[in-house]
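Report on the following structure.
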Amino acid sequence: MTHSHRRRGRLGTFIGGFTATALAATGLFMATAGSANAAPTAPSAAAAVPAHAVTGYWQNFDNGAAVQKLSDVPSDYDIVAVAFADATTTPGAVDFTLDSAGLGGYTEDAFKADIKAKQAAGKSVVISVGGQNGTVSINDSASATNFADSLYALMQEYGFDGVDIDLENGLNSTYMSQALESLAAKAGSGFVLTMAPQTIDMQSTSAEYFKTALAVKDILTVVNMQYYNSGSMLGCDGKVYSQGSVDFLTALACIQLEGGLDPSQVGIGVPASSSAAGGGYVAPSVVNDALDCLAKGTNCGSFKPSKTYPGIRGAMTWSTNWDATAGNAWSSAVGSHVHGL
């Protein structure tokens with residue numbers, strides 16, 4: 001995701017010359033189509049995430065987009081991911097500090113009350129771990145335990161419904177899966193688990209991120225891959241597609257849909273405006289066309305999936321703040337469309 005002190009956007013530096021052509025050569029595609037002494041806040045009985053849902057990232061910092069309180073986030077958003085929890089000096093552990101000063105004096109008490117209000121309105125609020133600069137390493141059992149324990153503590157303190165995994169510097173599927181299953185067991189029913197991998201992370205079922213998603217399929221709510229800041233990638237038909245098109249969205253989603261995830265666990269992640277990412281912005285109408293193509297086989301571009309996936313979960317955007325900056329045009333258009341699928 002893209003912002004000043006922690007750009008969530010990344011692939012430009014990583015991908016370099018590692019284009020889709022190179023991916024094809026290496027076979028990396030699937031040819032088959034608070035404050036320490038605050039009183040704990042027990043998580044509310046979470047409302048079930050709707051069958052077709054919209055996820056939005058809420059920025060805990062000011063990077064030029066509209067500064068918001070959680071209460072400002074439109075009701076079109078079913079899952080709000082608070083960005084971000086940060087690594088601590090303890091391996092695997094994370095913490096969260098509300099940027100009260102950067103958010104115009106937004107207090108922890110008001111923040112916690114707003115989380116409860118969102119939940120009372122049937123929404124889910126999760127804490128996102130990562131961002132481009134988020135260097136949380138879960139590479140052994142000890143760090144996996146620290147990760148689960150620290151996130152559960154944040155869920156208790158703030159009332160979060162779950163966690164979003166947005167790690168853009170690699171992960172270990174064995175230990176991340178272990179950590180997430182442990183956290184889910186602590187959290188109990190109503191636990192919401194979302195992920196926001198980069199396109200490169202979901203090109204193959206042998207990639208660590210994809211392996212993690214499949215390993216935790218029993219507790220996974222939705223994978224909202226970032227279809228932006230990407231460069232060209234391979235679709236499930238082995239052809240090269242460029243970001244910023246309906247075909248890029250549908251042909252890459254097909255890899256996940258045919259690679260073992262349930263359609264209800266697949267969402268399309270896009271920037272809310274051209275200011276929100278370095279590349280890959282598409283108009284809300286293109287997002288809606290892609291959802292129609294995947295769910296119903298209509299409004300497709302040149303790529304047409306071999307079957308339809310009416311259960312596809314929906315869409316995600318970075319961020320609710322950039323959406324607000326553009327008059328909430330994204331959520332107004334995509335929200336109603338997703339909920340009408």
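Ordered as shown in the structure tokens, chains take letters A, B, and onward, while each chain numbers its residues from 1 and ligands are numbered from 1 in the order shown.
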
**OP:** Please identify all polymer residues within 7 Å of stretch 324-331 of chain A, counting only C-alpha atoms, omitting same-chain residues fewer than 5 positions from it, and present them as a ChimeraX atom specification.
**Re:** /A:65-66,76,272-273,284

Generate the output file for the selected residues, N, CA and C atoms, as an mmCIF file, in the first residue's frame.
```cif
data_model
loop_
_atom_site.group_PDB
_atom_site.id
_atom_site.type_symbol
_atom_site.label_atom_id
_atom_site.label_comp_id
_atom_site.auth_asym_id
_atom_site.auth_seq_id
_atom_site.Cartn_x
_atom_site.Cartn_y
_atom_site.Cartn_z
ATOM 1 N N ALA A 65 -3.326 11.910 2.160
ATOM 2 C CA ALA A 65 -4.725 11.534 1.939
ATOM 3 C C ALA A 65 -5.572 12.104 3.070
ATOM 4 N N ALA A 66 -6.883 12.093 2.889
ATOM 5 C CA ALA A 66 -7.782 12.597 3.928
ATOM 6 C C ALA A 66 -7.536 11.863 5.242
ATOM 7 N N ASP A 76 -20.160 1.211 3.202
ATOM 8 C CA ASP A 76 -19.916 0.272 2.098
ATOM 9 C C ASP A 76 -18.822 -0.733 2.450
ATOM 10 N N ALA A 272 -7.654 3.023 -4.560
ATOM 11 C CA ALA A 272 -8.897 3.789 -4.578
ATOM 12 C C ALA A 272 -8.844 4.950 -5.558
ATOM 13 N N SER A 273 -7.633 5.389 -5.883
ATOM 14 C CA SER A 273 -7.471 6.480 -6.839
ATOM 15 C C SER A 273 -6.087 6.368 -7.457
ATOM 16 N N PRO A 284 -13.374 2.298 -11.057
ATOM 17 C CA PRO A 284 -14.275 1.383 -10.359
ATOM 18 C C PRO A 284 -15.098 0.519 -11.320
#
```

Residues of stretch 169-190 of chain A that have any atom at most 10 Å from an atom of stretch 199-217 of chain A: could you tabulate them with the shortest-distance atom pair and the distance in Å to one decimal, using only C-alpha atoms, ordered by chain and increasing number, as a tab-separated table?
```
residue	atom	partner	partner_atom	distance
A:Gly170	CA	A:Glu208	CA	7.8
A:Leu171	CA	A:Glu208	CA	6.5
A:Asn172	CA	A:Glu208	CA	6.2
A:Ser173	CA	A:Thr212	CA	4.6
A:Thr174	CA	A:Thr212	CA	7.3
A:Tyr175	CA	A:Thr212	CA	9.0
A:Met176	CA	A:Thr212	CA	6.9
A:Ser177	CA	A:Thr212	CA	5.7
A:Gln178	CA	A:Val216	CA	8.7
A:Leu180	CA	A:Val216	CA	7.4
A:Glu181	CA	A:Val216	CA	6.9
A:Ala184	CA	A:Val216	CA	9.9
```

All heavy atoms of the current selection, written as a PDB file, in the first residue's frame:
```pdb
ATOM      1  N   GLY A 170       8.627 -11.274   2.218  1.00  0.00           N
ATOM      2  CA  GLY A 170       8.777 -12.723   2.305  1.00  0.00           C
ATOM      3  C   GLY A 170       8.174 -13.301   3.572  1.00  0.00           C
ATOM      4  O   GLY A 170       8.083 -12.625   4.590  1.00  0.00           O
ATOM      5  N   LEU A 171       7.745 -14.542   3.503  1.00  0.00           N
ATOM      6  CA  LEU A 171       7.295 -15.238   4.706  1.00  0.00           C
ATOM      7  C   LEU A 171       7.570 -16.731   4.564  1.00  0.00           C
ATOM      8  O   LEU A 171       7.820 -17.241   3.480  1.00  0.00           O
ATOM      9  CB  LEU A 171       5.817 -14.967   5.004  1.00  0.00           C
ATOM     10  CG  LEU A 171       4.739 -15.161   3.935  1.00  0.00           C
ATOM     11  CD1 LEU A 171       4.490 -16.627   3.664  1.00  0.00           C
ATOM     12  CD2 LEU A 171       3.439 -14.522   4.410  1.00  0.00           C
ATOM     13  N   ASN A 172       7.550 -17.411   5.709  1.00  0.00           N
ATOM     14  CA  ASN A 172       7.801 -18.838   5.779  1.00  0.00           C
ATOM     15  C   ASN A 172       6.452 -19.515   6.018  1.00  0.00           C
ATOM     16  O   ASN A 172       5.829 -19.319   7.064  1.00  0.00           O
ATOM     17  CB  ASN A 172       8.776 -19.122   6.933  1.00  0.00           C
ATOM     18  CG  ASN A 172       9.060 -20.596   7.114  1.00  0.00           C
ATOM     19  OD1 ASN A 172       8.152 -21.398   7.318  1.00  0.00           O
ATOM     20  ND2 ASN A 172      10.322 -20.961   7.076  1.00  0.00           N
ATOM     21  N   SER A 173       5.990 -20.284   5.044  1.00  0.00           N
ATOM     22  CA  SER A 173       4.639 -20.837   5.120  1.00  0.00           C
ATOM     23  C   SER A 173       4.463 -21.773   6.314  1.00  0.00           C
ATOM     24  O   SER A 173       3.398 -21.796   6.934  1.00  0.00           O
ATOM     25  CB  SER A 173       4.280 -21.561   3.824  1.00  0.00           C
ATOM     26  OG  SER A 173       5.167 -22.624   3.560  1.00  0.00           O
ATOM     27  N   THR A 174       5.493 -22.529   6.652  1.00  0.00           N
ATOM     28  CA  THR A 174       5.381 -23.479   7.760  1.00  0.00           C
ATOM     29  C   THR A 174       5.075 -22.774   9.066  1.00  0.00           C
ATOM     30  O   THR A 174       4.122 -23.115   9.781  1.00  0.00           O
ATOM     31  CB  THR A 174       6.682 -24.295   7.902  1.00  0.00           C
ATOM     32  OG1 THR A 174       6.917 -24.996   6.691  1.00  0.00           O
ATOM     33  CG2 THR A 174       6.587 -25.266   9.065  1.00  0.00           C
ATOM     34  N   TYR A 175       5.884 -21.755   9.384  1.00  0.00           N
ATOM     35  CA  TYR A 175       5.735 -21.098  10.683  1.00  0.00           C
ATOM     36  C   TYR A 175       4.646 -20.033  10.692  1.00  0.00           C
ATOM     37  O   TYR A 175       4.001 -19.814  11.717  1.00  0.00           O
ATOM     38  CB  TYR A 175       7.083 -20.556  11.145  1.00  0.00           C
ATOM     39  CG  TYR A 175       8.064 -21.667  11.406  1.00  0.00           C
ATOM     40  CD1 TYR A 175       9.142 -21.898  10.550  1.00  0.00           C
ATOM     41  CD2 TYR A 175       7.868 -22.541  12.481  1.00  0.00           C
ATOM     42  CE1 TYR A 175      10.020 -22.953  10.772  1.00  0.00           C
ATOM     43  CE2 TYR A 175       8.733 -23.599  12.706  1.00  0.00           C
ATOM     44  CZ  TYR A 175       9.812 -23.801  11.851  1.00  0.00           C
ATOM     45  OH  TYR A 175      10.663 -24.854  12.067  1.00  0.00           O
ATOM     46  N   MET A 176       4.403 -19.375   9.557  1.00  0.00           N
ATOM     47  CA  MET A 176       3.287 -18.428   9.509  1.00  0.00           C
ATOM     48  C   MET A 176       1.961 -19.168   9.669  1.00  0.00           C
ATOM     49  O   MET A 176       1.062 -18.725  10.387  1.00  0.00           O
ATOM     50  CB  MET A 176       3.310 -17.632   8.202  1.00  0.00           C
ATOM     51  CG  MET A 176       2.137 -16.653   8.059  1.00  0.00           C
ATOM     52  SD  MET A 176       1.962 -15.478   9.422  1.00  0.00           S
ATOM     53  CE  MET A 176       3.255 -14.310   9.017  1.00  0.00           C
ATOM     54  N   SER A 177       1.847 -20.318   9.027  1.00  0.00           N
ATOM     55  CA  SER A 177       0.625 -21.122   9.176  1.00  0.00           C
ATOM     56  C   SER A 177       0.439 -21.538  10.628  1.00  0.00           C
ATOM     57  O   SER A 177      -0.671 -21.487  11.176  1.00  0.00           O
ATOM     58  CB  SER A 177       0.698 -22.359   8.283  1.00  0.00           C
ATOM     59  OG  SER A 177       0.887 -21.997   6.933  1.00  0.00           O
ATOM     60  N   GLN A 178       1.534 -21.958  11.241  1.00  0.00           N
ATOM     61  CA  GLN A 178       1.497 -22.365  12.652  1.00  0.00           C
ATOM     62  C   GLN A 178       1.024 -21.201  13.519  1.00  0.00           C
ATOM     63  O   GLN A 178       0.164 -21.365  14.399  1.00  0.00           O
ATOM     64  CB  GLN A 178       2.901 -22.809  13.076  1.00  0.00           C
ATOM     65  CG  GLN A 178       3.053 -23.216  14.534  1.00  0.00           C
ATOM     66  CD  GLN A 178       4.497 -23.611  14.842  1.00  0.00           C
ATOM     67  OE1 GLN A 178       5.134 -24.359  14.106  1.00  0.00           O
ATOM     68  NE2 GLN A 178       5.029 -23.076  15.925  1.00  0.00           N
ATOM     69  N   LEU A 180      -0.753 -18.526  12.643  1.00  0.00           N
ATOM     70  CA  LEU A 180      -2.133 -18.138  12.378  1.00  0.00           C
ATOM     71  C   LEU A 180      -3.126 -19.148  12.941  1.00  0.00           C
ATOM     72  O   LEU A 180      -4.173 -18.762  13.479  1.00  0.00           O
ATOM     73  CB  LEU A 180      -2.342 -17.943  10.874  1.00  0.00           C
ATOM     74  CG  LEU A 180      -1.599 -16.741  10.278  1.00  0.00           C
ATOM     75  CD1 LEU A 180      -1.718 -16.744   8.761  1.00  0.00           C
ATOM     76  CD2 LEU A 180      -2.111 -15.430  10.867  1.00  0.00           C
ATOM     77  N   GLU A 181      -2.809 -20.430  12.845  1.00  0.00           N
ATOM     78  CA  GLU A 181      -3.689 -21.440  13.427  1.00  0.00           C
ATOM     79  C   GLU A 181      -3.741 -21.296  14.951  1.00  0.00           C
ATOM     80  O   GLU A 181      -4.796 -21.439  15.573  1.00  0.00           O
ATOM     81  CB  GLU A 181      -3.219 -22.845  13.035  1.00  0.00           C
ATOM     82  CG  GLU A 181      -3.379 -23.179  11.556  1.00  0.00           C
ATOM     83  CD  GLU A 181      -4.816 -23.490  11.144  1.00  0.00           C
ATOM     84  OE1 GLU A 181      -5.724 -23.437  12.000  1.00  0.00           O
ATOM     85  OE2 GLU A 181      -5.023 -23.788   9.945  1.00  0.00           O
ATOM     86  N   ALA A 184      -5.905 -18.247  15.714  1.00  0.00           N
ATOM     87  CA  ALA A 184      -7.313 -18.551  15.492  1.00  0.00           C
ATOM     88  C   ALA A 184      -7.887 -19.385  16.635  1.00  0.00           C
ATOM     89  O   ALA A 184      -9.038 -19.189  17.049  1.00  0.00           O
ATOM     90  CB  ALA A 184      -7.492 -19.288  14.167  1.00  0.00           C
TER      91      ALA A 184
END
```

**OP:** Would you please work out which residue, of A:Ser100, A:Ser128, A:Ser302, A:Gln119, is nearest to A:Leu151 when using only C-alpha atoms?
**Re:** A:Ser128

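Straight-line separation from atom CA of A:Ile312 to atom CA of A:Gly238: 21.9 Å.
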
**OP:** Mind checking which residues fall within 9 Å of A:Val73, counting only C-alpha atoms, ignoring those fewer than 5 positions away in the same chain, and posting them as a PyMOL selection string?
**Re:** chain A and resi 56+58+68+80+320-321+324

Original post:
Please, which residues of stretch 71-267 of chain A, numbered as in this document, come out helix (DSSP H, G or I) from DSSP, as a ChimeraX atom specification?
Top reply: /A:71-72,108-120,141-158,173-187,199-202,208-215,246-258,263-265
